[in-house]
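K.L.:
You'll find query.pdb just under this line, and it carries PDB, N, CA and C atoms.
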ATOM      1  N   MET A   1      41.388-158.799-151.923
ATOM      2  CA  MET A   1      41.874-160.018-152.556
ATOM      3  C   MET A   1      41.332-160.094-153.983
ATOM      4  N   SER A   2      42.207-160.328-154.931
ATOM      5  CA  SER A   2      41.781-160.371-156.330
ATOM      6  C   SER A   2      41.295-161.763-156.705
ATOM      7  N   LYS A   3      40.442-161.801-157.685
ATOM      8  CA  LYS A   3      39.913-163.071-158.187
ATOM      9  C   LYS A   3      40.959-163.709-159.084
ATOM     10  N   PRO A   4      40.999-165.017-159.147
ATOM     11  CA  PRO A   4      42.029-165.683-159.964
ATOM     12  C   PRO A   4      41.891-165.411-161.473
ATOM     13  N   ASN A   5      40.705-165.115-161.957
ATOM     14  CA  ASN A   5      40.507-164.897-163.388
ATOM     15  C   ASN A   5      40.749-163.455-163.826
ATOM     16  N   GLU A   6      40.926-162.541-162.896
ATOM     17  CA  GLU A   6      41.166-161.150-163.249
ATOM     18  C   GLU A   6      42.596-160.979-163.745
ATOM     19  N   PRO A   7      42.775-160.298-164.893
ATOM     20  CA  PRO A   7      44.143-160.060-165.367
ATOM     21  C   PRO A   7      44.832-159.018-164.491
ATOM     22  N   LYS A   8      46.108-159.118-164.405
ATOM     23  CA  LYS A   8      46.893-158.159-163.640
ATOM     24  C   LYS A   8      46.930-156.830-164.395
ATOM     25  N   THR A   9      46.882-155.733-163.692
ATOM     26  CA  THR A   9      46.829-154.411-164.307
ATOM     27  C   THR A   9      48.024-154.158-165.210
ATOM     28  N   GLN A  10      49.221-154.461-164.753
ATOM     29  CA  GLN A  10      50.422-154.216-165.545
ATOM     30  C   GLN A  10      50.419-155.097-166.795
ATOM     31  N   THR A  11      49.956-156.332-166.686
ATOM     32  CA  THR A  11      49.907-157.230-167.835
ATOM     33  C   THR A  11      48.954-156.681-168.883
ATOM     34  N   VAL A  12      47.801-156.215-168.452
ATOM     35  CA  VAL A  12      46.845-155.634-169.382
ATOM     36  C   VAL A  12      47.452-154.397-170.023
ATOM     37  N   SER A  13      48.098-153.581-169.240
ATOM     38  CA  SER A  13      48.718-152.375-169.749
ATOM     39  C   SER A  13      49.790-152.706-170.792
ATOM     40  N   ASP A  14      50.616-153.700-170.525
ATOM     41  CA  ASP A  14      51.655-154.096-171.472
ATOM     42  C   ASP A  14      51.035-154.641-172.753
ATOM     43  N   ALA A  15      49.977-155.435-172.613
ATOM     44  CA  ALA A  15      49.305-155.987-173.782
ATOM     45  C   ALA A  15      48.699-154.866-174.629
ATOM     46  N   LEU A  16      48.117-153.879-173.979
ATOM     47  CA  LEU A  16      47.536-152.744-174.690
ATOM     48  C   LEU A  16      48.618-151.948-175.411
ATOM     49  N   LYS A  17      49.722-151.689-174.742
ATOM     50  CA  LYS A  17      50.825-150.960-175.367
ATOM     51  C   LYS A  17      51.337-151.709-176.598
ATOM     52  N   HIS A  18      51.467-153.022-176.485
ATOM     53  CA  HIS A  18      51.949-153.839-177.600
ATOM     54  C   HIS A  18      50.960-153.780-178.764
ATOM     55  N   ALA A  19      49.667-153.867-178.466
ATOM     56  CA  ALA A  19      48.650-153.815-179.518
ATOM     57  C   ALA A  19      48.647-152.463-180.215
ATOM     58  N   ILE A  20      48.818-151.396-179.458
ATOM     59  CA  ILE A  20      48.848-150.051-180.038
ATOM     60  C   ILE A  20      50.066-149.892-180.948
ATOM     61  N   GLU A  21      51.205-150.433-180.528
ATOM     62  CA  GLU A  21      52.414-150.341-181.340
ATOM     63  C   GLU A  21      52.257-151.083-182.664
ATOM     64  N   LYS A  22      51.502-152.186-182.663
ATOM     65  CA  LYS A  22      51.318-152.981-183.870
ATOM     66  C   LYS A  22      50.223-152.427-184.777
ATOM     67  N   PHE A  23      49.390-151.509-184.265
ATOM     68  CA  PHE A  23      48.278-150.983-185.044
ATOM     69  C   PHE A  23      48.803-150.180-186.229
ATOM     70  N   PRO A  24      48.294-150.442-187.435
ATOM     71  CA  PRO A  24      48.813-149.717-188.603
ATOM     72  C   PRO A  24      48.407-148.237-188.574
ATOM     73  N   THR A  25      49.353-147.384-188.837
ATOM     74  CA  THR A  25      49.085-145.945-188.867
ATOM     75  C   THR A  25      49.659-145.348-190.146
ATOM     76  N   THR A  26      49.130-144.212-190.518
ATOM     77  CA  THR A  26      49.596-143.506-191.704
ATOM     78  C   THR A  26      50.667-142.499-191.284
ATOM     79  N   PRO A  27      51.771-142.444-192.012
ATOM     80  CA  PRO A  27      52.823-141.469-191.681
ATOM     81  C   PRO A  27      52.299-140.030-191.776
ATOM     82  N   ILE A  28      52.828-139.152-190.944
ATOM     83  CA  ILE A  28      52.389-137.760-190.888
ATOM     84  C   ILE A  28      52.554-137.081-192.246
ATOM     85  N   ALA A  29      53.647-137.334-192.931
ATOM     86  CA  ALA A  29      53.887-136.701-194.230
ATOM     87  C   ALA A  29      52.802-137.096-195.234
ATOM     88  N   GLU A  30      52.377-138.339-195.192
ATOM     89  CA  GLU A  30      51.334-138.802-196.110
ATOM     90  C   GLU A  30      49.990-138.141-195.787
ATOM     91  N   VAL A  31      49.703-137.984-194.515
ATOM     92  CA  VAL A  31      48.464-137.318-194.107
ATOM     93  C   VAL A  31      48.469-135.873-194.578
ATOM     94  N   LYS A  32      49.573-135.174-194.348
ATOM     95  CA  LYS A  32      49.673-133.769-194.765
ATOM     96  C   LYS A  32      49.532-133.636-196.276
ATOM     97  N   ALA A  33      50.037-134.615-197.024
ATOM     98  CA  ALA A  33      49.964-134.557-198.485
ATOM     99  C   ALA A  33      48.533-134.750-198.987
ATOM    100  N   THR A  34      47.691-135.432-198.236
ATOM    101  CA  THR A  34      46.335-135.710-198.696
ATOM    102  C   THR A  34      45.288-134.755-198.131
ATOM    103  N   VAL A  35      45.670-133.901-197.186
ATOM    104  CA  VAL A  35      44.725-132.963-196.576
ATOM    105  C   VAL A  35      44.683-131.677-197.410
ATOM    106  N   PRO A  36      43.473-131.214-197.738
ATOM    107  CA  PRO A  36      43.376-129.960-198.495
ATOM    108  C   PRO A  36      44.036-128.798-197.747
ATOM    109  N   GLN A  37      44.665-127.912-198.507
ATOM    110  CA  GLN A  37      45.427-126.828-197.889
ATOM    111  C   GLN A  37      44.708-125.487-197.871
ATOM    112  N   ASP A  38      43.656-125.318-198.676
ATOM    113  CA  ASP A  38      42.954-124.040-198.692
ATOM    114  C   ASP A  38      41.443-124.254-198.606
ATOM    115  N   ALA A  39      40.724-123.170-198.421
ATOM    116  CA  ALA A  39      39.274-123.241-198.212
ATOM    117  C   ALA A  39      38.554-123.820-199.422
ATOM    118  N   ALA A  40      38.986-123.465-200.616
ATOM    119  CA  ALA A  40      38.329-123.969-201.828
ATOM    120  C   ALA A  40      38.472-125.492-201.935
ATOM    121  N   SER A  41      39.632-126.001-201.603
ATOM    122  CA  SER A  41      39.860-127.444-201.649
ATOM    123  C   SER A  41      38.995-128.161-200.611
ATOM    124  N   TRP A  42      38.896-127.575-199.413
ATOM    125  CA  TRP A  42      38.051-128.160-198.371
ATOM    126  C   TRP A  42      36.590-128.180-198.820
ATOM    127  N   ARG A  43      36.142-127.073-199.400
ATOM    128  CA  ARG A  43      34.758-126.969-199.855
ATOM    129  C   ARG A  43      34.456-128.042-200.898
ATOM    130  N   GLU A  44      35.372-128.230-201.839
ATOM    131  CA  GLU A  44      35.195-129.245-202.877
ATOM    132  C   GLU A  44      35.136-130.647-202.270
ATOM    133  N   LEU A  45      36.020-130.914-201.326
ATOM    134  CA  LEU A  45      36.034-132.214-200.663
ATOM    135  C   LEU A  45      34.710-132.471-199.939
ATOM    136  N   VAL A  46      34.219-131.481-199.214
ATOM    137  CA  VAL A  46      32.966-131.630-198.474
ATOM    138  C   VAL A  46      31.805-131.841-199.435
ATOM    139  N   GLN A  47      31.786-131.112-200.525
ATOM    140  CA  GLN A  47      30.712-131.268-201.503
ATOM    141  C   GLN A  47      30.729-132.658-202.123
ATOM    142  N   GLN A  48      31.920-133.194-202.399
ATOM    143  CA  GLN A  48      32.031-134.555-202.951
ATOM    144  C   GLN A  48      31.510-135.587-201.948
ATOM    145  N   ARG A  49      31.887-135.437-200.694
ATOM    146  CA  ARG A  49      31.435-136.383-199.668
ATOM    147  C   ARG A  49      29.931-136.279-199.439
ATOM    148  N   ASN A  50      29.399-135.067-199.462
ATOM    149  CA  ASN A  50      27.963-134.900-199.308
ATOM    150  C   ASN A  50      27.215-135.572-200.457
ATOM    151  N   ALA A  51      27.730-135.424-201.676
ATOM    152  CA  ALA A  51      27.108-136.058-202.828
ATOM    153  C   ALA A  51      27.133-137.580-202.689
ATOM    154  N   GLN A  52      28.241-138.123-202.182
ATOM    155  CA  GLN A  52      28.336-139.570-201.965
ATOM    156  C   GLN A  52      27.334-140.044-200.939
ATOM    157  N   GLN A  53      27.146-139.261-199.878
ATOM    158  CA  GLN A  53      26.206-139.639-198.812
ATOM    159  C   GLN A  53      24.771-139.623-199.328
ATOM    160  N   LYS A  54      24.450-138.685-200.214
ATOM    161  CA  LYS A  54      23.101-138.612-200.753
ATOM    162  C   LYS A  54      22.793-139.807-201.644
ATOM    163  N   LYS A  55      23.825-140.378-202.308
ATOM    164  CA  LYS A  55      23.636-141.540-203.175
ATOM    165  C   LYS A  55      23.307-142.797-202.381
ATOM    166  N   LYS A  56      23.722-142.851-201.126
ATOM    167  CA  LYS A  56      23.509-144.050-200.313
ATOM    168  C   LYS A  56      22.101-144.222-199.942
TER     169      LYS A  56
END
Here is a file; write its structure as structure tokens.

P.N.:
Amino acid sequence: MSKPNEPKTQTVSDALKHAIEKFPTTPIAEVKATVPQDAASWRELVQQRNAQQKKK
């Protein structure tokens, strides 16, 4: 027997699905455009982020 205050499983599932659909996401094309494409670009990005972390 379920407690009266417990949400129904399907209701929670529907609410979660709705929340996920509303969550803002970045389009795949935009992500691909901002991701470094070669090793040198990745190295530069990592070095910049490491420098930022050291400043904190």

K.L.:
Could you tell me how far atom C of Ala33 in chain A sits from CA of Lys56 in chain A, in Å to one decimal place?

P.N.:
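Atom-to-atom, CA of Lys56 in chain A and atom C of Ala33 in chain A are spaced 26.7 Å apart.
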
K.L.:
Taking the chain letters and numbering used in this document, name the residues of chain A that DSSP puts in alpha helix (DSSP H), as a PyMOL selection string.

P.N.:
chain A and resi 9-22+28-34+39-55

K.L.:
Tell me, in Å to one decimal, how far atom N of Gln48 in chain A is from atom N of Pro36 in chain A.

P.N.:
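Between these atoms lies a distance of 12.6 Å.
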
K.L.:
What does the structure give for the distance between atom C of Trp42 in chain A and atom C of Ile28 in chain A, in Å to one decimal?

P.N.:
19.4 Å

K.L.:
Would you please take range 11-47 of chain A of the structure in the block above and write N, CA, C and O atoms to a file as a PDB file, in the first residue's frame?

P.N.:
ATOM      1  N   THR A  11       3.790   9.747 -13.008  1.00  0.00           N
ATOM      2  CA  THR A  11       3.704  11.200 -12.908  1.00  0.00           C
ATOM      3  C   THR A  11       5.095  11.793 -12.760  1.00  0.00           C
ATOM      4  O   THR A  11       5.432  12.781 -13.408  1.00  0.00           O
ATOM      5  N   VAL A  12       5.911  11.193 -11.920  1.00  0.00           N
ATOM      6  CA  VAL A  12       7.275  11.669 -11.746  1.00  0.00           C
ATOM      7  C   VAL A  12       8.029  11.526 -13.057  1.00  0.00           C
ATOM      8  O   VAL A  12       8.754  12.417 -13.477  1.00  0.00           O
ATOM      9  N   SER A  13       7.863  10.417 -13.719  1.00  0.00           N
ATOM     10  CA  SER A  13       8.532  10.180 -14.981  1.00  0.00           C
ATOM     11  C   SER A  13       8.120  11.222 -16.027  1.00  0.00           C
ATOM     12  O   SER A  13       8.955  11.762 -16.726  1.00  0.00           O
ATOM     13  N   ASP A  14       6.839  11.528 -16.112  1.00  0.00           N
ATOM     14  CA  ASP A  14       6.361  12.524 -17.066  1.00  0.00           C
ATOM     15  C   ASP A  14       6.911  13.903 -16.724  1.00  0.00           C
ATOM     16  O   ASP A  14       7.304  14.665 -17.603  1.00  0.00           O
ATOM     17  N   ALA A  15       6.940  14.232 -15.435  1.00  0.00           N
ATOM     18  CA  ALA A  15       7.470  15.521 -15.011  1.00  0.00           C
ATOM     19  C   ALA A  15       8.955  15.630 -15.357  1.00  0.00           C
ATOM     20  O   ALA A  15       9.426  16.676 -15.803  1.00  0.00           O
ATOM     21  N   LEU A  16       9.692  14.555 -15.161  1.00  0.00           N
ATOM     22  CA  LEU A  16      11.113  14.542 -15.489  1.00  0.00           C
ATOM     23  C   LEU A  16      11.322  14.700 -16.991  1.00  0.00           C
ATOM     24  O   LEU A  16      12.166  15.485 -17.433  1.00  0.00           O
ATOM     25  N   LYS A  17      10.553  13.983 -17.784  1.00  0.00           N
ATOM     26  CA  LYS A  17      10.662  14.097 -19.239  1.00  0.00           C
ATOM     27  C   LYS A  17      10.380  15.531 -19.689  1.00  0.00           C
ATOM     28  O   LYS A  17      11.078  16.076 -20.548  1.00  0.00           O
ATOM     29  N   HIS A  18       9.363  16.148 -19.109  1.00  0.00           N
ATOM     30  CA  HIS A  18       9.002  17.522 -19.464  1.00  0.00           C
ATOM     31  C   HIS A  18      10.131  18.479 -19.084  1.00  0.00           C
ATOM     32  O   HIS A  18      10.478  19.372 -19.861  1.00  0.00           O
ATOM     33  N   ALA A  19      10.712  18.293 -17.902  1.00  0.00           N
ATOM     34  CA  ALA A  19      11.805  19.161 -17.460  1.00  0.00           C
ATOM     35  C   ALA A  19      13.026  19.010 -18.355  1.00  0.00           C
ATOM     36  O   ALA A  19      13.687  19.996 -18.696  1.00  0.00           O
ATOM     37  N   ILE A  20      13.322  17.792 -18.768  1.00  0.00           N
ATOM     38  CA  ILE A  20      14.467  17.547 -19.647  1.00  0.00           C
ATOM     39  C   ILE A  20      14.244  18.208 -21.008  1.00  0.00           C
ATOM     40  O   ILE A  20      15.158  18.802 -21.576  1.00  0.00           O
ATOM     41  N   GLU A  21      13.019  18.135 -21.517  1.00  0.00           N
ATOM     42  CA  GLU A  21      12.712  18.751 -22.804  1.00  0.00           C
ATOM     43  C   GLU A  21      12.873  20.267 -22.752  1.00  0.00           C
ATOM     44  O   GLU A  21      13.266  20.891 -23.731  1.00  0.00           O
ATOM     45  N   LYS A  22      12.572  20.876 -21.601  1.00  0.00           N
ATOM     46  CA  LYS A  22      12.661  22.324 -21.462  1.00  0.00           C
ATOM     47  C   LYS A  22      14.080  22.798 -21.155  1.00  0.00           C
ATOM     48  O   LYS A  22      14.367  23.984 -21.265  1.00  0.00           O
ATOM     49  N   PHE A  23      14.978  21.880 -20.768  1.00  0.00           N
ATOM     50  CA  PHE A  23      16.331  22.262 -20.392  1.00  0.00           C
ATOM     51  C   PHE A  23      17.075  22.812 -21.604  1.00  0.00           C
ATOM     52  O   PHE A  23      17.061  22.205 -22.675  1.00  0.00           O
ATOM     53  N   PRO A  24      17.720  23.973 -21.465  1.00  0.00           N
ATOM     54  CA  PRO A  24      18.407  24.553 -22.628  1.00  0.00           C
ATOM     55  C   PRO A  24      19.640  23.728 -23.022  1.00  0.00           C
ATOM     56  O   PRO A  24      20.429  23.339 -22.176  1.00  0.00           O
ATOM     57  N   THR A  25      19.771  23.473 -24.290  1.00  0.00           N
ATOM     58  CA  THR A  25      20.920  22.718 -24.795  1.00  0.00           C
ATOM     59  C   THR A  25      21.535  23.460 -25.975  1.00  0.00           C
ATOM     60  O   THR A  25      20.878  24.277 -26.622  1.00  0.00           O
ATOM     61  N   THR A  26      22.781  23.161 -26.234  1.00  0.00           N
ATOM     62  CA  THR A  26      23.494  23.766 -27.350  1.00  0.00           C
ATOM     63  C   THR A  26      23.361  22.852 -28.568  1.00  0.00           C
ATOM     64  O   THR A  26      23.548  21.650 -28.449  1.00  0.00           O
ATOM     65  N   PRO A  27      23.056  23.419 -29.725  1.00  0.00           N
ATOM     66  CA  PRO A  27      22.950  22.597 -30.942  1.00  0.00           C
ATOM     67  C   PRO A  27      24.280  21.900 -31.261  1.00  0.00           C
ATOM     68  O   PRO A  27      25.362  22.432 -30.985  1.00  0.00           O
ATOM     69  N   ILE A  28      24.203  20.718 -31.843  1.00  0.00           N
ATOM     70  CA  ILE A  28      25.385  19.919 -32.158  1.00  0.00           C
ATOM     71  C   ILE A  28      26.333  20.687 -33.077  1.00  0.00           C
ATOM     72  O   ILE A  28      27.548  20.661 -32.887  1.00  0.00           O
ATOM     73  N   ALA A  29      25.807  21.386 -34.059  1.00  0.00           N
ATOM     74  CA  ALA A  29      26.654  22.128 -34.994  1.00  0.00           C
ATOM     75  C   ALA A  29      27.464  23.199 -34.261  1.00  0.00           C
ATOM     76  O   ALA A  29      28.644  23.411 -34.560  1.00  0.00           O
ATOM     77  N   GLU A  30      26.854  23.846 -33.292  1.00  0.00           N
ATOM     78  CA  GLU A  30      27.555  24.881 -32.530  1.00  0.00           C
ATOM     79  C   GLU A  30      28.663  24.268 -31.668  1.00  0.00           C
ATOM     80  O   GLU A  30      29.749  24.823 -31.543  1.00  0.00           O
ATOM     81  N   VAL A  31      28.393  23.119 -31.092  1.00  0.00           N
ATOM     82  CA  VAL A  31      29.404  22.431 -30.289  1.00  0.00           C
ATOM     83  C   VAL A  31      30.586  22.040 -31.162  1.00  0.00           C
ATOM     84  O   VAL A  31      31.744  22.278 -30.809  1.00  0.00           O
ATOM     85  N   LYS A  32      30.306  21.452 -32.318  1.00  0.00           N
ATOM     86  CA  LYS A  32      31.379  21.036 -33.230  1.00  0.00           C
ATOM     87  C   LYS A  32      32.205  22.234 -33.684  1.00  0.00           C
ATOM     88  O   LYS A  32      33.417  22.130 -33.882  1.00  0.00           O
ATOM     89  N   ALA A  33      31.562  23.388 -33.855  1.00  0.00           N
ATOM     90  CA  ALA A  33      32.275  24.583 -34.310  1.00  0.00           C
ATOM     91  C   ALA A  33      33.211  25.128 -33.231  1.00  0.00           C
ATOM     92  O   ALA A  33      34.215  25.774 -33.550  1.00  0.00           O
ATOM     93  N   THR A  34      32.925  24.879 -31.969  1.00  0.00           N
ATOM     94  CA  THR A  34      33.740  25.434 -30.894  1.00  0.00           C
ATOM     95  C   THR A  34      34.768  24.454 -30.335  1.00  0.00           C
ATOM     96  O   THR A  34      35.618  24.850 -29.552  1.00  0.00           O
ATOM     97  N   VAL A  35      34.713  23.191 -30.750  1.00  0.00           N
ATOM     98  CA  VAL A  35      35.648  22.181 -30.249  1.00  0.00           C
ATOM     99  C   VAL A  35      36.906  22.182 -31.127  1.00  0.00           C
ATOM    100  O   VAL A  35      36.800  22.157 -32.345  1.00  0.00           O
ATOM    101  N   PRO A  36      38.081  22.221 -30.491  1.00  0.00           N
ATOM    102  CA  PRO A  36      39.316  22.175 -31.283  1.00  0.00           C
ATOM    103  C   PRO A  36      39.390  20.907 -32.138  1.00  0.00           C
ATOM    104  O   PRO A  36      38.986  19.836 -31.705  1.00  0.00           O
ATOM    105  N   GLN A  37      39.946  21.055 -33.333  1.00  0.00           N
ATOM    106  CA  GLN A  37      39.963  19.937 -34.275  1.00  0.00           C
ATOM    107  C   GLN A  37      41.292  19.202 -34.352  1.00  0.00           C
ATOM    108  O   GLN A  37      41.353  18.101 -34.868  1.00  0.00           O
ATOM    109  N   ASP A  38      42.380  19.799 -33.857  1.00  0.00           N
ATOM    110  CA  ASP A  38      43.672  19.127 -33.928  1.00  0.00           C
ATOM    111  C   ASP A  38      44.387  19.190 -32.579  1.00  0.00           C
ATOM    112  O   ASP A  38      43.957  19.892 -31.670  1.00  0.00           O
ATOM    113  N   ALA A  39      45.471  18.454 -32.474  1.00  0.00           N
ATOM    114  CA  ALA A  39      46.194  18.337 -31.204  1.00  0.00           C
ATOM    115  C   ALA A  39      46.750  19.676 -30.741  1.00  0.00           C
ATOM    116  O   ALA A  39      46.712  20.005 -29.542  1.00  0.00           O
ATOM    117  N   ALA A  40      47.249  20.479 -31.660  1.00  0.00           N
ATOM    118  CA  ALA A  40      47.820  21.779 -31.285  1.00  0.00           C
ATOM    119  C   ALA A  40      46.747  22.695 -30.685  1.00  0.00           C
ATOM    120  O   ALA A  40      46.996  23.394 -29.688  1.00  0.00           O
ATOM    121  N   SER A  41      45.569  22.679 -31.257  1.00  0.00           N
ATOM    122  CA  SER A  41      44.474  23.499 -30.743  1.00  0.00           C
ATOM    123  C   SER A  41      44.054  23.030 -29.349  1.00  0.00           C
ATOM    124  O   SER A  41      43.779  23.837 -28.462  1.00  0.00           O
ATOM    125  N   TRP A  42      43.994  21.707 -29.161  1.00  0.00           N
ATOM    126  CA  TRP A  42      43.649  21.161 -27.847  1.00  0.00           C
ATOM    127  C   TRP A  42      44.698  21.568 -26.812  1.00  0.00           C
ATOM    128  O   TRP A  42      44.377  21.956 -25.696  1.00  0.00           O
ATOM    129  N   ARG A  43      45.966  21.458 -27.190  1.00  0.00           N
ATOM    130  CA  ARG A  43      47.055  21.801 -26.279  1.00  0.00           C
ATOM    131  C   ARG A  43      46.956  23.264 -25.853  1.00  0.00           C
ATOM    132  O   ARG A  43      47.098  23.604 -24.681  1.00  0.00           O
ATOM    133  N   GLU A  44      46.689  24.144 -26.810  1.00  0.00           N
ATOM    134  CA  GLU A  44      46.552  25.569 -26.512  1.00  0.00           C
ATOM    135  C   GLU A  44      45.374  25.823 -25.571  1.00  0.00           C
ATOM    136  O   GLU A  44      45.483  26.594 -24.613  1.00  0.00           O
ATOM    137  N   LEU A  45      44.261  25.164 -25.837  1.00  0.00           N
ATOM    138  CA  LEU A  45      43.084  25.316 -24.988  1.00  0.00           C
ATOM    139  C   LEU A  45      43.384  24.865 -23.556  1.00  0.00           C
ATOM    140  O   LEU A  45      43.041  25.557 -22.590  1.00  0.00           O
ATOM    141  N   VAL A  46      44.036  23.724 -23.408  1.00  0.00           N
ATOM    142  CA  VAL A  46      44.360  23.201 -22.081  1.00  0.00           C
ATOM    143  C   VAL A  46      45.321  24.137 -21.363  1.00  0.00           C
ATOM    144  O   VAL A  46      45.161  24.415 -20.169  1.00  0.00           O
ATOM    145  N   GLN A  47      46.297  24.656 -22.069  1.00  0.00           N
ATOM    146  CA  GLN A  47      47.251  25.575 -21.453  1.00  0.00           C
ATOM    147  C   GLN A  47      46.565  26.850 -20.987  1.00  0.00           C
ATOM    148  O   GLN A  47      46.867  27.372 -19.911  1.00  0.00           O
TER     149      GLN A  47
END
